[in-house]
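Written below as structure tokens is the structure these notes are about.
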Amino acid sequence: SMCVSKLHNRALYAFLCFLPVALQIQATLFSNASYQGLRFNVADLLLPVAGTYILLSFYLKKSQWPKWDMKHTWLWLIALLGVMSVALVNGYISNGYWSSWALVNKYIGFIILLCYFSLGGWLSTNFSQLGLSKEWLVRIFCGFCLVILSLSFVSTLIKPLTTTPMWLGEFPWDGLMANRNAFMVLTIFTVTFMEAYRLSKQPILPAWSYALFWIIVPTFTVFNASRIGWIVGGVVLLGMLFKAPVHFVKKILPYLFIGCLAAYAGYLGSDKLIVKEGRMLQYLVDSVKQNEITYQGDQARFIALEDGLDLYGQSNPILGAGLGAYQEFQKTKRGEFIDLIDWSALWLLVETGGIGLFIFSAFFLMVWLNLYKKSLKEEDVFARAMIISLTLIIALSFVHELLYMRFLWLFLGMALIKNRNRVDVINQK
């Protein structure tokens with residue numbers, strides 16, 4: 001019995017070590033001219049195994065259901081799934097067929113998000129018997145992100161000196177996320193948690209890790225080249241400067257200065273004209289100062305805004321056009337499909353209607369308020385880091401579609417669990 005218990009514990013440890021790593025590895029599969037492809041996350045492979053284990057543990061009475069701090073959490077999740085289900089059927093009615101994008105990417109993809117949320121809640125409720133904590137999982141998550149950033153950093157600096165392919169250092173940096181904006185969100189999420197814990201005198205990584213991170217940041221800024229990332233990153237830096245000026249000047253600023261020198265070296269060694277000519281910065285300046293859209297990605301976003309509102313105007317304002325309807329509408333209107341709606345709120349309005357946008361907005365508002373109360377009343381550092389991250393991600397979602405970020409839903413599920421001193425998970429008697 002003791003051997004079985006040890007094996008059981010080791011399996012759980014292995015799962016919890018791999019989960020925060022796997023969440024940062026994804027790829028786009030089956031992409032072709034008629035299909036945008038399936039965004040696949042390696043952590044998705046763990047869900048069937050985890051789900052089977054959790055259901056079995058419930059049956060054997062070895063674990064407890066998630067103890068949500070937010071009222072009626074299960075009803076909220078059912079309501080969200082209901083919105084997506086109605087939108088899926090509505091999309092079938094609009095298109096006359098089941099869209100692969102709607103069914104697989106959006107609908108099944110959303111069920112996967114709910115599974116991550118529930119998994120996060122189950123973990124927070126049950127894993128303290130193993131001597132683990134939220135901070136333990138966060139430490140692995142942030143540590144692996146720093147490893148990928150470090151490899152990208154080194155690859156970029158030595159790329160001009162060798163003929164060996166340095167794919168992590170290729171422009172633009174996207175880590176293992178298969179998308180530079182997803183990597184940008186991941187990095188902002190990581191720094192928020194790292195600094196929230198350090199400012200609370202509970203650093204989750206060694207001091208040298210923090211120094212290394214801030215040395216890498218300027219090079220990341222240049223080679224990830226996300227303009228909204230620059231803006232949000234600047235807000236984060238200003239927030240830390242005002243919140244803890246001494247900490248910022250002593251613990252961050254010197255390493256940023258060293259990092260600027262490294263970023264300049266990377267700039268000089270780069271063979272990409274878009275880096276050499278500072279095009280991404282120029283695109284940002286043009287759009288702000290001259291009100292001129294010169295970047296193709298921005299043009300696609302404005303086309304999506306126009307077409308999305310046009311489709312919504314022709315649809316039921318309560319139910320929207322249905323999942324997958326936008327792509328077919330744009331093909332009919334323009335003769336080709338140009339791009340997805342890269343704005344979460346607009347996508348929800350167009351394809352799930354006013355009711356969908358309202359329910360999703362209300363859910364995230366309730367989550368935000370719950371985290372805010374926890375961060376104030378309980379001095380919960382995890383909740384404090386999560387509310388900052390959620391606020392930043394909501395802001396970023398106005399120019400990107402970020403609803404399907406797996407790690408966001410897992411961490412939200414963890415954050416919304418009641419704080420408890422001890423939970424008996426596994427009967428080791």
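In the structure tokens, chains take the letters A, B, ... in the order shown, each chain's residues start at 1, and ligands count up from 1 in the order shown.
Look at Phe398 in chain A: the protein and nucleic acid residues within 12 Å of it, using only C-alpha atoms and passing over chain neighbours fewer than 2 places away, are Ile228, Arg301, Leu305, Ile341, Asp342, Trp343, Ser344, Ala345, Leu346, Trp347, Leu348, Thr391, Leu392, Ile393, Ile394, Ala395, Leu396, His400, Glu401, Leu402 and Leu403 of chain A.
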Next item on the list: as a PyMOL selection string, list the residues of range 6-78 of chain A assigned to alpha helix (DSSP H) by DSSP on the backbone atoms of this structure.
Entry: chain A and resi 6-22+46-59+73-78
Next item on the list: Pick out the closest residue to Pro203 in chain A from this set: A:Met366, A:Val285, A:Trp136, A:Tyr107. Count only C-alpha atoms.
Entry: A:Trp136
Notebook entry, point to check: Hey, which of A:Gly169, A:Leu81, A:Glu277, A:Trp214 ends up closest to Lys251 in chain A? Count only C-alpha atoms.
Noted result: A:Trp214
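Taking CA of Ala196 in chain A and CA of Leu119 in chain A as the two end points, the separation is 23.6 Å.
The gap separating CA of Gly229 in chain A from CA of Glu351 in chain A is 26.9 Å, in Å to one decimal.
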Note to self: With distances taken over only C-alpha atoms, which residue among A:Lys333, A:Lys134, A:Lys106, A:Arg180 lies nearest Thr352 in chain A?
What the structure shows: A:Lys106
Checklist line | Shell around Glu328 in chain A at 10 Å using only C-alpha atoms, local window under 5 positions removed, as a list in words | finding: Ser94, Asn95, Ser99, Lys333, Gly335, Glu336 and Phe337 of chain A
Notebook entry, point to check: Pro254 in chain A: which residues within 9 Å, counting only C-alpha atoms, same-chain residues fewer than 4 positions away excluded, as number ranges by chain?
Noted result: A: 211, 214-215, 249-250, 258-259
Store the residues picked out above, limited to N, CA and C atoms, as an mmCIF file, in the first residue's frame.
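Just written: selection35.cif:
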```
data_model
loop_
_atom_site.group_PDB
_atom_site.id
_atom_site.type_symbol
_atom_site.label_atom_id
_atom_site.label_comp_id
_atom_site.auth_asym_id
_atom_site.auth_seq_id
_atom_site.Cartn_x
_atom_site.Cartn_y
_atom_site.Cartn_z
ATOM 1 N N ALA A 211 17.274 39.350 -12.214
ATOM 2 C CA ALA A 211 18.247 40.178 -12.933
ATOM 3 C C ALA A 211 18.324 39.760 -14.398
ATOM 4 N N TRP A 214 15.217 40.934 -16.494
ATOM 5 C CA TRP A 214 15.190 42.344 -16.873
ATOM 6 C C TRP A 214 16.306 42.695 -17.859
ATOM 7 N N ILE A 215 17.373 41.918 -17.880
ATOM 8 C CA ILE A 215 18.399 42.110 -18.915
ATOM 9 C C ILE A 215 17.855 41.701 -20.280
ATOM 10 N N VAL A 249 14.258 51.405 -8.995
ATOM 11 C CA VAL A 249 15.571 52.001 -9.278
ATOM 12 C C VAL A 249 16.707 51.046 -8.923
ATOM 13 N N LYS A 250 16.555 50.292 -7.837
ATOM 14 C CA LYS A 250 17.644 49.432 -7.381
ATOM 15 C C LYS A 250 17.615 48.033 -8.010
ATOM 16 N N ILE A 258 21.688 47.493 -18.755
ATOM 17 C CA ILE A 258 22.561 46.465 -19.341
ATOM 18 C C ILE A 258 21.848 45.797 -20.512
ATOM 19 N N GLY A 259 20.561 45.529 -20.328
ATOM 20 C CA GLY A 259 19.779 44.886 -21.375
ATOM 21 C C GLY A 259 19.672 45.730 -22.628
#
```
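Checking A:Leu103, A:Leu56, A:Met70, A:Leu199 one by one against Gly322 in chain A, counting only C-alpha atoms, you find the shortest gap at A:Leu103.
A straight line drawn from CA of Ile188 in chain A to CA of Asn224 in chain A is 12.2 Å long.
The residue that comes closest to Gly413 in chain A, out of A:Phe248, A:Phe220, A:Phe171, A:Phe382 and on the basis of only C-alpha atoms, is A:Phe382.
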Next item on the list: Using only C-alpha atoms, pick whichever of A:Arg384, A:Lys62, A:Lys373, A:Lys159 has the shortest atom-to-atom distance to Leu268 in chain A.
Entry: A:Lys159
Next item on the list: Extract, using only C-alpha atoms, all DNA, RNA and protein residues at most 10 Å from Glu135 in chain A, discarding same-chain residues fewer than 4 positions from it, and format them as a PyMOL selection string.
Entry: chain A and resi 139-141+193+197+202-204+381-382
Could you dump the residues just selected with all heavy atoms as a compact mmCIF listing (two decimals), in the first residue's frame?
```
# COMPACT_ATOMS: atom_id res chain seq x y z
N ARG A 139 5.98 28.91 -9.77
CA ARG A 139 7.44 28.93 -9.87
C ARG A 139 7.91 28.17 -11.12
O ARG A 139 8.79 28.62 -11.84
CB ARG A 139 8.04 28.31 -8.61
CG ARG A 139 9.56 28.35 -8.55
CD ARG A 139 10.06 27.84 -7.22
NE ARG A 139 9.72 28.78 -6.15
CZ ARG A 139 8.87 28.51 -5.17
NH1 ARG A 139 8.25 27.33 -5.13
NH2 ARG A 139 8.60 29.40 -4.23
N ILE A 140 7.30 27.02 -11.38
CA ILE A 140 7.66 26.24 -12.56
C ILE A 140 7.25 26.97 -13.83
O ILE A 140 7.98 27.03 -14.82
CB ILE A 140 7.01 24.84 -12.51
CG1 ILE A 140 7.53 24.07 -11.29
CG2 ILE A 140 7.31 24.06 -13.79
CD1 ILE A 140 6.85 22.73 -11.09
N PHE A 141 6.06 27.54 -13.80
CA PHE A 141 5.54 28.26 -14.97
C PHE A 141 6.47 29.42 -15.35
O PHE A 141 6.90 29.54 -16.50
CB PHE A 141 4.14 28.79 -14.67
CG PHE A 141 3.45 29.42 -15.84
CD1 PHE A 141 2.66 28.67 -16.68
CD2 PHE A 141 3.57 30.79 -16.10
CE1 PHE A 141 2.01 29.24 -17.78
CE2 PHE A 141 2.94 31.37 -17.18
CZ PHE A 141 2.15 30.59 -18.02
N PHE A 193 3.49 38.06 -12.27
CA PHE A 193 3.56 37.15 -11.13
C PHE A 193 4.92 37.22 -10.44
O PHE A 193 4.99 37.23 -9.19
CB PHE A 193 3.27 35.72 -11.59
CG PHE A 193 1.81 35.37 -11.53
CD1 PHE A 193 0.96 35.70 -12.59
CD2 PHE A 193 1.27 34.75 -10.42
CE1 PHE A 193 -0.39 35.41 -12.53
CE2 PHE A 193 -0.08 34.45 -10.36
CZ PHE A 193 -0.92 34.78 -11.41
N TYR A 197 5.09 38.71 -6.40
CA TYR A 197 5.61 37.94 -5.28
C TYR A 197 6.87 38.57 -4.69
O TYR A 197 7.07 38.55 -3.48
CB TYR A 197 5.88 36.49 -5.72
CG TYR A 197 4.64 35.63 -5.66
CD1 TYR A 197 3.87 35.39 -6.80
CD2 TYR A 197 4.22 35.07 -4.46
CE1 TYR A 197 2.73 34.62 -6.74
CE2 TYR A 197 3.07 34.29 -4.39
CZ TYR A 197 2.33 34.07 -5.53
OH TYR A 197 1.19 33.31 -5.46
N GLN A 202 8.14 37.63 -1.10
CA GLN A 202 8.05 36.18 -1.28
C GLN A 202 8.51 35.80 -2.68
O GLN A 202 7.75 35.25 -3.47
CB GLN A 202 6.61 35.71 -1.09
CG GLN A 202 5.96 36.10 0.22
CD GLN A 202 4.48 35.75 0.24
OE1 GLN A 202 4.06 34.67 -0.17
NE2 GLN A 202 3.66 36.68 0.70
N PRO A 203 9.75 36.14 -3.04
CA PRO A 203 10.20 35.88 -4.42
C PRO A 203 10.09 34.40 -4.78
O PRO A 203 10.42 33.52 -3.97
CB PRO A 203 11.66 36.34 -4.41
CG PRO A 203 12.06 36.33 -2.97
CD PRO A 203 10.83 36.68 -2.20
N ILE A 204 9.58 34.12 -5.97
CA ILE A 204 9.37 32.73 -6.38
C ILE A 204 10.57 32.18 -7.14
O ILE A 204 10.63 30.98 -7.39
CB ILE A 204 8.10 32.61 -7.26
CG1 ILE A 204 8.16 33.56 -8.44
CG2 ILE A 204 6.85 32.83 -6.43
CD1 ILE A 204 7.01 33.43 -9.40
N VAL A 381 -1.50 37.12 -2.40
CA VAL A 381 -0.57 37.58 -3.45
C VAL A 381 -0.95 36.98 -4.79
O VAL A 381 -0.87 37.65 -5.83
CB VAL A 381 0.89 37.22 -3.08
CG1 VAL A 381 1.84 37.74 -4.15
CG2 VAL A 381 1.25 37.78 -1.72
N PHE A 382 -1.35 35.71 -4.79
CA PHE A 382 -1.75 35.06 -6.03
C PHE A 382 -2.92 35.80 -6.66
O PHE A 382 -2.93 36.07 -7.87
CB PHE A 382 -2.11 33.60 -5.77
CG PHE A 382 -2.34 32.79 -7.00
CD1 PHE A 382 -1.30 32.06 -7.58
CD2 PHE A 382 -3.59 32.73 -7.61
CE1 PHE A 382 -1.51 31.32 -8.73
CE2 PHE A 382 -3.81 31.99 -8.75
CZ PHE A 382 -2.76 31.27 -9.31
```
